[in-house]
Structure formats: structure tokens, C-alpha cells
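What follows is one structure encoded as C-alpha cells, with my remarks underneath.
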Amino acid sequence: MTVTIPAESLSDFVRDIFAAAGCSAAESTRIGKYLVEANLTGHDSHGVIRVPRYLQMLRDKAIVADATVEVVVDTPVLAVVDGKYGFGQTVGPQAVQIGIGKCKKMGLAAIALRNAGHTGRTGDFAEMAAAEGLVSVHFVNARGSVLVAPYAGVDRRFSTAPYCVGIPRPGQPPLVLDFATSIVAEGKVLVASQGGKKIPGDALIGPDGAPSADPHLLYGDYTPDGPRHHRQGKGAIRAFGEHKGSGLAFMCELLGGALTGNGATQDGQRFANGMFSFFVDPRVVDPSNFFDPEVARYTEAVKSSRPAAPGSDVLVPGEPEIRTRAQRTADGVPLPDDTWASIVGAARTAGLDERRIQQATQ
């Protein structure tokens, strides 16, 4: 069973939860906006399902409210940015904005972000850059989150290590490729464990090497609306694409983790996202304006391929999100009952007024 809530109402409810937990009005609004935006694009794993975890991290002081980044290295084209363990929805945009500013001055920029709270959907940052006409590439790791087995292995060694590329298109939504380098993001296992969309049958791997889709393999025992602790499971998520995805995950750990100073992931560390991003201004690389019409031509060429399944479409990166956003903006955001119950429980724990909670559930 599911409950469906209008996006604006859901964003406002999340905002009020984090305000009750002690975040500023501006930060609470950002968290609500970014989490619901992930749901709108169909990335439920990075949406409001994260509310209970974020609140627990705030109580545990693993995340710091209303942080301001520290720029520890600053050159005309490069910055190393310490997120000071702030909410990713606060320090991530700050770091990306620094990169955008440098790129617009120099034509090229790189940003190394470390010690950031969970940054959410990396596609948000690619969209920020694309809105300014910039190409961007992002390598991300999650220090302290060891979830994914390398190709040919069964023991966890990687985080889900996201990778993202954004390409602007004048007058159209950008092309955004955004994915975890595991078969599924950990949040998708979380969604499945709470009655949401099931994960593929080979997404997980047990200590005996057998593939599985059972979330208990990752979390161990749990109750329907209770917390999930990935360290309690005996299995792992599999890297996508066999050796190719495993190799890309390895590079995300080295670039997003080692190069930024965040650290490649290992057990026992304080959680933090690291992100190495670079930004390119096509207007500097391409003063003859070959790029934009060539992107348009090639996009149409790819989409014109005959679909393998009659009646289906060939889609390009970002297109599924565009369609899902339109549908959910019109119809509301569907949430499994277990997910909604966990959010309501988290709201009560945060001290949100019961009348406000009842208003959200009506």
C-alpha cells in the first residue's frame, strides 16, 4: 500500500520536521526541496526516505546543522573545500557554486569537496552547472559506508560510489547521467525493505557467492517501520557491469575519496561524502558554437534508433527523470506505507507539533 502526497506539501512537511530538529529555516527549506526533488525525478532512494536517517545523524552529531564550508586551497581554477560535516544539501551547493564561479571566469575549474554530509542526488549539482551553461563531471564516494563487493569478490570494499555527468542544452532540459556504480544504490535496497519497488534478483551477493534480492542480506533483522543498519547484514551489493562497474567504483573512491582528502572508504570511519568535480564552459572550448547543434543532432540520432520492444522509446540520459517529474508533479509523490510511517515517527521524535503531523497525513 502507498500514500500519495502533493510535492509541495511533502516538501513543506520535511522542512517543518528539520526546523523542529533545530535547523535554520533556510537549511530546513533546502533539505525539503532537495529530498522531494529526488522523489520527483524517480530517485526515491535519495528522497524523503532519508529523513529518519538524517535526523539520527543530527542527533548523533554526525551531521552539523547550518555549516559553512571552508576553502582550504584556492587558486583561479581549483579549490579544495571542507564541508565541515554539514548537511550535504547545504555544503554541496556551496562547493558547486564555487566551481561554477571559477569556471565562468577561467573556462575550466575543479573542486575537491570533502567531509560533507550525505549529498543526496548528484544530478542536482549537474543541473546547477547546466543551468549556467556548463558541462560538469562528478566522482563521489561515501567514506565510512562499505556496501559493495568488487567484481569477483564477496566482501564489501566500495561505497556505492556515484558518478555523474551533466551537459546543458539551450532551451531544453540538460542531459544528466547519474548513477551509483553498484547495481542499485543502497537507498533502493532501503526502499525495497519498506515495501517499495523490488530490486533486481542479482543486485546483492551473499557470503557464499550466491546472488539475491533479499534486503535482509544487507541489513540483517529489522521491523517494518524500524531502522535499518547496513553493518548488521552479512552480504553486499554487487557492482554493476561486472569488471567495468567495479573499475569505475574503484576510481570514484580514489578521485572522490583519496584525491579530495575525504578518504577512500573503510569501516570505522565517520561518514562523509567526498566529491571531485570539474566544470567546463563550452563557450570557451567551442567559440564557433559547434557543440550545441552537434549535441542536438546526435541526441536525435540516438533516439531515432528502432526500439527493441514495439511501442517503447529509446531514451537518453535525464529523460526518465523528466517524465517522472512531470507525472509526479501532477499526481503527487507515492510513498510506501512503511516509509511514510517511519517519516511520521521521525517527525514525532524531532518534536514536531502533533497537529502539524496530523495535517500532513490528512
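Each chain in the C-alpha cells gets a letter, A, B and so on, in the order shown; residues start at 1 in every chain, and ligands are counted from 1 in the order they appear.
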
Fewer than 2 positions away in the same chain doesn't count, so skip those; otherwise give me all residues within 10 Å of Arg231 of chain A, counting only C-alpha atoms, as a PDB file with N, CA, C and O atoms, in the first residue's frame.
```pdb
ATOM      1  N   SER A 145      31.046   4.185   4.593  1.00  0.00           N
ATOM      2  CA  SER A 145      29.938   3.371   4.096  1.00  0.00           C
ATOM      3  C   SER A 145      30.524   2.299   3.180  1.00  0.00           C
ATOM      4  O   SER A 145      30.876   2.572   2.032  1.00  0.00           O
ATOM      5  N   VAL A 146      30.652   1.100   3.701  1.00  0.00           N
ATOM      6  CA  VAL A 146      31.252  -0.005   2.946  1.00  0.00           C
ATOM      7  C   VAL A 146      30.129  -0.990   2.630  1.00  0.00           C
ATOM      8  O   VAL A 146      29.660  -1.697   3.513  1.00  0.00           O
ATOM      9  N   LEU A 147      29.719  -1.018   1.378  1.00  0.00           N
ATOM     10  CA  LEU A 147      28.490  -1.722   0.999  1.00  0.00           C
ATOM     11  C   LEU A 147      28.646  -2.666  -0.178  1.00  0.00           C
ATOM     12  O   LEU A 147      27.865  -3.611  -0.315  1.00  0.00           O
ATOM     13  N   LEU A 218      21.494  -7.437   3.413  1.00  0.00           N
ATOM     14  CA  LEU A 218      22.261  -6.216   3.643  1.00  0.00           C
ATOM     15  C   LEU A 218      22.080  -5.681   5.057  1.00  0.00           C
ATOM     16  O   LEU A 218      23.022  -5.158   5.657  1.00  0.00           O
ATOM     17  N   TYR A 219      20.852  -5.807   5.615  1.00  0.00           N
ATOM     18  CA  TYR A 219      20.522  -5.156   6.875  1.00  0.00           C
ATOM     19  C   TYR A 219      20.400  -6.102   8.067  1.00  0.00           C
ATOM     20  O   TYR A 219      20.293  -5.630   9.206  1.00  0.00           O
ATOM     21  N   GLY A 220      20.359  -7.401   7.850  1.00  0.00           N
ATOM     22  CA  GLY A 220      20.055  -8.294   8.950  1.00  0.00           C
ATOM     23  C   GLY A 220      18.581  -8.190   9.324  1.00  0.00           C
ATOM     24  O   GLY A 220      17.735  -7.857   8.487  1.00  0.00           O
ATOM     25  N   ARG A 228      17.169   0.548   9.727  1.00  0.00           N
ATOM     26  CA  ARG A 228      17.975  -0.468   9.047  1.00  0.00           C
ATOM     27  C   ARG A 228      19.443  -0.116   9.254  1.00  0.00           C
ATOM     28  O   ARG A 228      19.830   1.040   9.060  1.00  0.00           O
ATOM     29  N   HIS A 229      20.229  -1.089   9.629  1.00  0.00           N
ATOM     30  CA  HIS A 229      21.659  -0.871   9.854  1.00  0.00           C
ATOM     31  C   HIS A 229      22.440  -1.777   8.904  1.00  0.00           C
ATOM     32  O   HIS A 229      22.481  -2.999   9.089  1.00  0.00           O
ATOM     33  N   GLY A 233      24.150  -6.671   8.246  1.00  0.00           N
ATOM     34  CA  GLY A 233      23.974  -7.703   7.241  1.00  0.00           C
ATOM     35  C   GLY A 233      25.264  -8.424   6.923  1.00  0.00           C
ATOM     36  O   GLY A 233      26.369  -7.904   7.134  1.00  0.00           O
ATOM     37  N   LYS A 234      25.130  -9.615   6.398  1.00  0.00           N
ATOM     38  CA  LYS A 234      26.297 -10.437   6.076  1.00  0.00           C
ATOM     39  C   LYS A 234      26.658 -10.405   4.596  1.00  0.00           C
ATOM     40  O   LYS A 234      27.697 -10.933   4.205  1.00  0.00           O
ATOM     41  N   GLY A 235      25.783  -9.811   3.781  1.00  0.00           N
ATOM     42  CA  GLY A 235      26.029  -9.779   2.349  1.00  0.00           C
ATOM     43  C   GLY A 235      26.490  -8.411   1.874  1.00  0.00           C
ATOM     44  O   GLY A 235      26.846  -7.535   2.663  1.00  0.00           O
ATOM     45  N   ALA A 236      26.465  -8.220   0.562  1.00  0.00           N
ATOM     46  CA  ALA A 236      26.935  -6.985  -0.058  1.00  0.00           C
ATOM     47  C   ALA A 236      26.086  -6.685  -1.283  1.00  0.00           C
ATOM     48  O   ALA A 236      25.408  -7.558  -1.825  1.00  0.00           O
ATOM     49  N   ASP A 267      35.717   0.595   6.988  1.00  0.00           N
ATOM     50  CA  ASP A 267      34.898   0.507   8.187  1.00  0.00           C
ATOM     51  C   ASP A 267      35.492   1.332   9.325  1.00  0.00           C
ATOM     52  O   ASP A 267      36.709   1.524   9.412  1.00  0.00           O
TER      53      ASP A 267
END
```

(message) as number ranges by chain, please: the residues near segment 126-132 of chain A (cut-off 7 Å, only C-alpha atoms, same-chain neighbours under 3 positions excluded).
(response) A: 100, 122-123, 135-136, 165-168, 174, 176

(request) Tell me which protein, DNA and RNA residues are within 10 Å of Ile49 of chain A, counting only C-alpha atoms, leaving out same-chain ones fewer than 5 positions away, and put them as an MDAnalysis selection string. (result) chainID A and resid 35:36 39 44 54 187:188 190:191 194 335:336 338:340 342:343

(message) Would you pick out the contacts of Ala26 of chain A at 12 Å or less, using only C-alpha atoms, so that residues sharing its chain but fewer than 2 positions from it are not included, and give the list as a list in words?
(response) Arg15, Asp16, Phe18, Ala19, Gly22, Cys23, Ser24, Ser28, Thr29, Arg30, Ile31, Gly32, Lys33, Ala65, Asp66, Ala67, Gln89 and Thr90 of chain A

Just-selected residues, C-alpha atoms written as a short mmCIF file (atom, residue, chain, number, x, y, z; two decimals), in the first residue's frame:
```cif
data_model
loop_
_atom_site.label_atom_id
_atom_site.label_comp_id
_atom_site.auth_asym_id
_atom_site.auth_seq_id
_atom_site.Cartn_x
_atom_site.Cartn_y
_atom_site.Cartn_z
CA ARG A 15 11.01 21.48 6.12
CA ASP A 16 8.98 21.67 9.31
CA PHE A 18 14.04 19.74 10.31
CA ALA A 19 13.08 23.14 11.70
CA GLY A 22 16.94 22.70 15.25
CA CYS A 23 17.97 23.55 11.68
CA SER A 24 17.53 27.11 10.43
CA SER A 28 15.25 23.19 6.52
CA THR A 29 13.76 24.55 3.30
CA ARG A 30 16.78 23.35 1.30
CA ILE A 31 16.59 19.85 2.77
CA GLY A 32 12.88 19.61 1.97
CA LYS A 33 13.42 20.91 -1.55
CA ALA A 65 23.40 21.98 11.18
CA ASP A 66 23.92 25.20 9.20
CA ALA A 67 27.56 24.63 8.33
CA GLN A 89 22.08 19.90 0.87
CA THR A 90 23.85 22.93 2.35
#
```

(request) Identify all residues of segment 124-212 of chain A in strand (DSSP E or B) (DSSP on the backbone) and supply them as a ChimeraX atom specification. (result) /A:135-143,148-149,158,163-169,172-179,182,204-205,211-212

(request) Enter the distance from atom CA of Glu186 of chain A to atom CA of Gln327 of chain A, in Å, rounded to one decimal. (result)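 Atom-to-atom, atom CA of Glu186 of chain A to atom CA of Gln327 of chain A, that is 24.7 Å.
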
(message) Taking only C-alpha atoms into account, name the residue in A:Gly196, A:Ile63, A:Gln56, A:Gly107 that is nearest to Leu134 of chain A.
(response)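 Once distances to Leu134 of chain A are computed over only C-alpha atoms, the minimum belongs to A:Gly107.
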
(request) List the neighbours of Gly256 of chain A out to 12 Å using only C-alpha atoms; skip same-chain residues closer than 2 positions along the sequence, and give me the result as a PyMOL selection string. (result) chain A and resi 80+110-116+137-143+158-164+248-254+258-265+272-278

How about saving the chosen residues, C-alpha atoms kept, as a CSV table (one decimal), in the first residue's frame?
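Result file is result_14.csv:
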```
chain,number,residue,atom,x,y,z
A,80,VAL,CA,39.7,22.2,-2.1
A,110,ALA,CA,37.9,21.7,-10.5
A,111,ILE,CA,36.5,21.4,-7.0
A,112,ALA,CA,37.5,18.8,-4.4
A,113,LEU,CA,34.9,18.6,-1.7
A,114,ARG,CA,35.5,16.6,1.5
A,115,ASN,CA,33.8,16.0,4.8
A,116,ALA,CA,30.3,16.6,3.5
A,137,VAL,CA,31.6,15.7,-14.3
A,138,HIS,CA,31.4,14.4,-10.7
A,139,PHE,CA,33.1,11.5,-8.9
A,140,VAL,CA,31.6,10.7,-5.5
A,141,ASN,CA,32.5,8.4,-2.6
A,142,ALA,CA,31.0,7.8,0.8
A,143,ARG,CA,33.6,7.4,3.5
A,158,PHE,CA,33.4,0.1,-2.0
A,159,SER,CA,30.8,2.6,-1.2
A,160,THR,CA,28.1,2.9,-3.8
A,161,ALA,CA,30.4,5.5,-5.4
A,162,PRO,CA,28.2,7.6,-7.6
A,163,TYR,CA,29.3,9.0,-11.0
A,164,CYS,CA,27.5,11.9,-12.8
A,248,LEU,CA,34.6,2.8,-12.1
A,249,ALA,CA,33.7,2.4,-8.5
A,250,PHE,CA,37.4,2.0,-7.7
A,251,MET,CA,38.2,5.2,-9.5
A,252,CYS,CA,35.4,7.1,-7.7
A,253,GLU,CA,36.9,6.0,-4.4
A,254,LEU,CA,40.3,7.2,-5.5
A,258,ALA,CA,41.6,9.8,-1.8
A,259,LEU,CA,42.2,12.9,-4.1
A,260,THR,CA,39.8,15.1,-2.2
A,261,GLY,CA,41.2,14.2,1.2
A,262,ASN,CA,37.9,12.6,2.2
A,263,GLY,CA,39.5,9.2,2.2
A,264,ALA,CA,38.6,6.0,0.3
A,265,THR,CA,36.0,4.2,2.3
A,272,ALA,CA,31.2,11.8,4.9
A,273,ASN,CA,30.7,12.2,1.2
A,274,GLY,CA,33.7,13.3,-0.9
A,275,MET,CA,33.2,14.7,-4.4
A,276,PHE,CA,35.7,15.6,-7.1
A,277,SER,CA,34.0,17.7,-9.8
A,278,PHE,CA,35.2,19.5,-12.8
```

(message) Can you pull out the residues contacting Val71 of chain A? Cut-off 8 Å, using only C-alpha atoms, and skip same-chain residues under 3 positions away; I want them as an MDAnalysis selection string.
(response) chainID A and resid 74 79:82

(request) Extract the full set of helix (DSSP H, G or I) residues from segment 146-302 of chain A according to DSSP on the backbone, and format it as a ChimeraX atom specification. (result) /A:186-193,216-219,230-232,243-259,282-285,291-302

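Shortest atom-to-atom contact with Tyr34 of chain A among A:Val72, A:His118, A:Met1, A:Thr361: A:His118, counting only C-alpha atoms.
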
List the spatial neighbours of Asp208 of chain A as a JSON list (two decimals) with C-alpha atoms, in the first residue's frame - criterion: any atom at most 12 Å away, only C-alpha atoms, same-chain residues fewer than 2 positions off excluded.
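Output contents, as saved in selection25.json:
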```json
[["chain", "number", "residue", "atom", "x", "y", "z"],
["A", 153, "GLY", "CA", 34.66, -10.81, -4.68],
["A", 154, "VAL", "CA", 32.03, -11.24, -1.96],
["A", 155, "ASP", "CA", 33.44, -8.99, 0.79],
["A", 204, "LEU", "CA", 23.01, -8.47, -3.80],
["A", 205, "ILE", "CA", 25.54, -11.19, -3.14],
["A", 206, "GLY", "CA", 25.79, -13.45, -0.10],
["A", 210, "ALA", "CA", 25.04, -16.59, -4.37],
["A", 211, "PRO", "CA", 23.07, -13.65, -5.87],
["A", 212, "SER", "CA", 19.98, -12.42, -4.03],
["A", 217, "LEU", "CA", 21.15, -9.85, 3.37],
["A", 234, "LYS", "CA", 26.30, -10.44, 6.08],
["A", 235, "GLY", "CA", 26.03, -9.78, 2.35],
["A", 236, "ALA", "CA", 26.93, -6.98, -0.06]]
```

(request) Can you work out which one of A:Ala309, A:Val284, A:Val344, A:Val316 has the shortest atom-to-atom distance to Val48 of chain A, counting only C-alpha atoms? (result) A:Val344

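Atom pair atom CA of Val285 of chain A / atom CA of Thr119 of chain A has a distance of 29.5 Å (rounded to one decimal).
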
(request) Figure out the distance between atom CA of Pro215 of chain A and atom CA of Val189 of chain A, please, to one decimal in Å. (result)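 It comes out at 5.9 Å.
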
(message) Restricting the calculation to only C-alpha atoms: of A:Ser288, A:Met106, A:Asp202, A:Ser193, which residue gets closest to His216 of chain A?
(response)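 Of the candidates, the smallest distance to His216 of chain A is held by A:Ser193.
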